Each structure stands twice: as structure tokens, then as C-alpha cells.
Amino acid sequence: MNCNEALVLISAAVDGELSITEEQHFLQHLSKCGECYSEFEEAQKTKMIIREIIVRFNAPQTLINSVMQLTSLSQKETS
Ligand SMILES: [Zn+2]
């Protein structure tokens with residue numbers, strides 16, 4: 001698996017939607033690739049933040065969407 005393939009799988013991996021084979025290849029790549037590993041960590045953090053917002057404020061989908069947009073924008077700026 002190369003970086004592009006791993007990056008495509010990140011959001012599915014965070015959601016626990018990978019097949020067992022996909023997950024094995026994905027984790028194998030992360031163990032060798034620090035860049036994809038930190039992308040995966042960021043994605044996990046973002047997901048946790050969004051979950052917390054949903055639970056605490058019972059947030060509507062529109063708010064969740066704008067939070068997700070903000071986090072993806074800030075990721076672009078820093079990289
Ligand atoms: Zn990589």
C-alpha cells in the first residue's frame with residue numbers, strides 16, 4: 001500500500017469500516033509511514049471532537065458540517 005491508498009482509507013478506518021484485510025494493510029503502512037500515521041491521528045481527533053459536540057449540544061447536522069469544514073481548512077493551512 002502506498003500513501004495515496006492509505007490516505008483514501010483514513011476516514012473509513014476512523015469509522016471502523018475497513019475490511020480485515022484492508023485494515024491489516026493500512027496499519028502496516030502506518031507502522032512504516034509517519035506522515036500517514038499523523039494524518040490518521042488527526043482524523044481520529046477530529047472525529048472525537050465532533051462526537052463530543054454531538055453528545056454535549058445535540059448539534060444539528062449543519063453545525064457538524066461547518067465544524068468539519070473548519071478543521072479541514074485549518075489542516076490545509078498548517079501543511
Ligand atoms: Zn504513507
# chains A, B, ... in the order shown; residues from 1 in each chain; ligands from 1
call {"tool": "residues_near_ligand", "arguments": {"ligand": "ligand 1", "cutoff": "7 Å", "atoms": "only C-alpha atoms and all ligand atoms", "output": "ChimeraX atom specification"}}
result
/A:2-3,6,29-30,33-36
call {"tool": "residues_around", "arguments": {"residues": "stretch 38-51 of chain A", "least_positions_apart": "5", "cutoff": "10 Å", "atoms": "only C-alpha atoms", "output": "list in words"}}
result
Ala6, Leu7, Leu9, Ile10, Ser11, Ala13, Val14, Asp15, Leu30, Cys33, Arg56, Asn58, Ala59, Leu63, Ile64, Asn65, Val67, Met68, Thr71, Ser72 and Gln75 of chain A
call {"tool": "atom_distance", "arguments": {"atom1": "atom CA of A:Val8", "atom2": "atom CA of A:Ser31"}}
result
16.7 Å
call {"tool": "closest_residue", "arguments": {"among": "A:Pro60, A:Glu52, A:Glu5, A:Leu70", "to": "A:His25", "atoms": "only C-alpha atoms"}}
result
A:Glu5
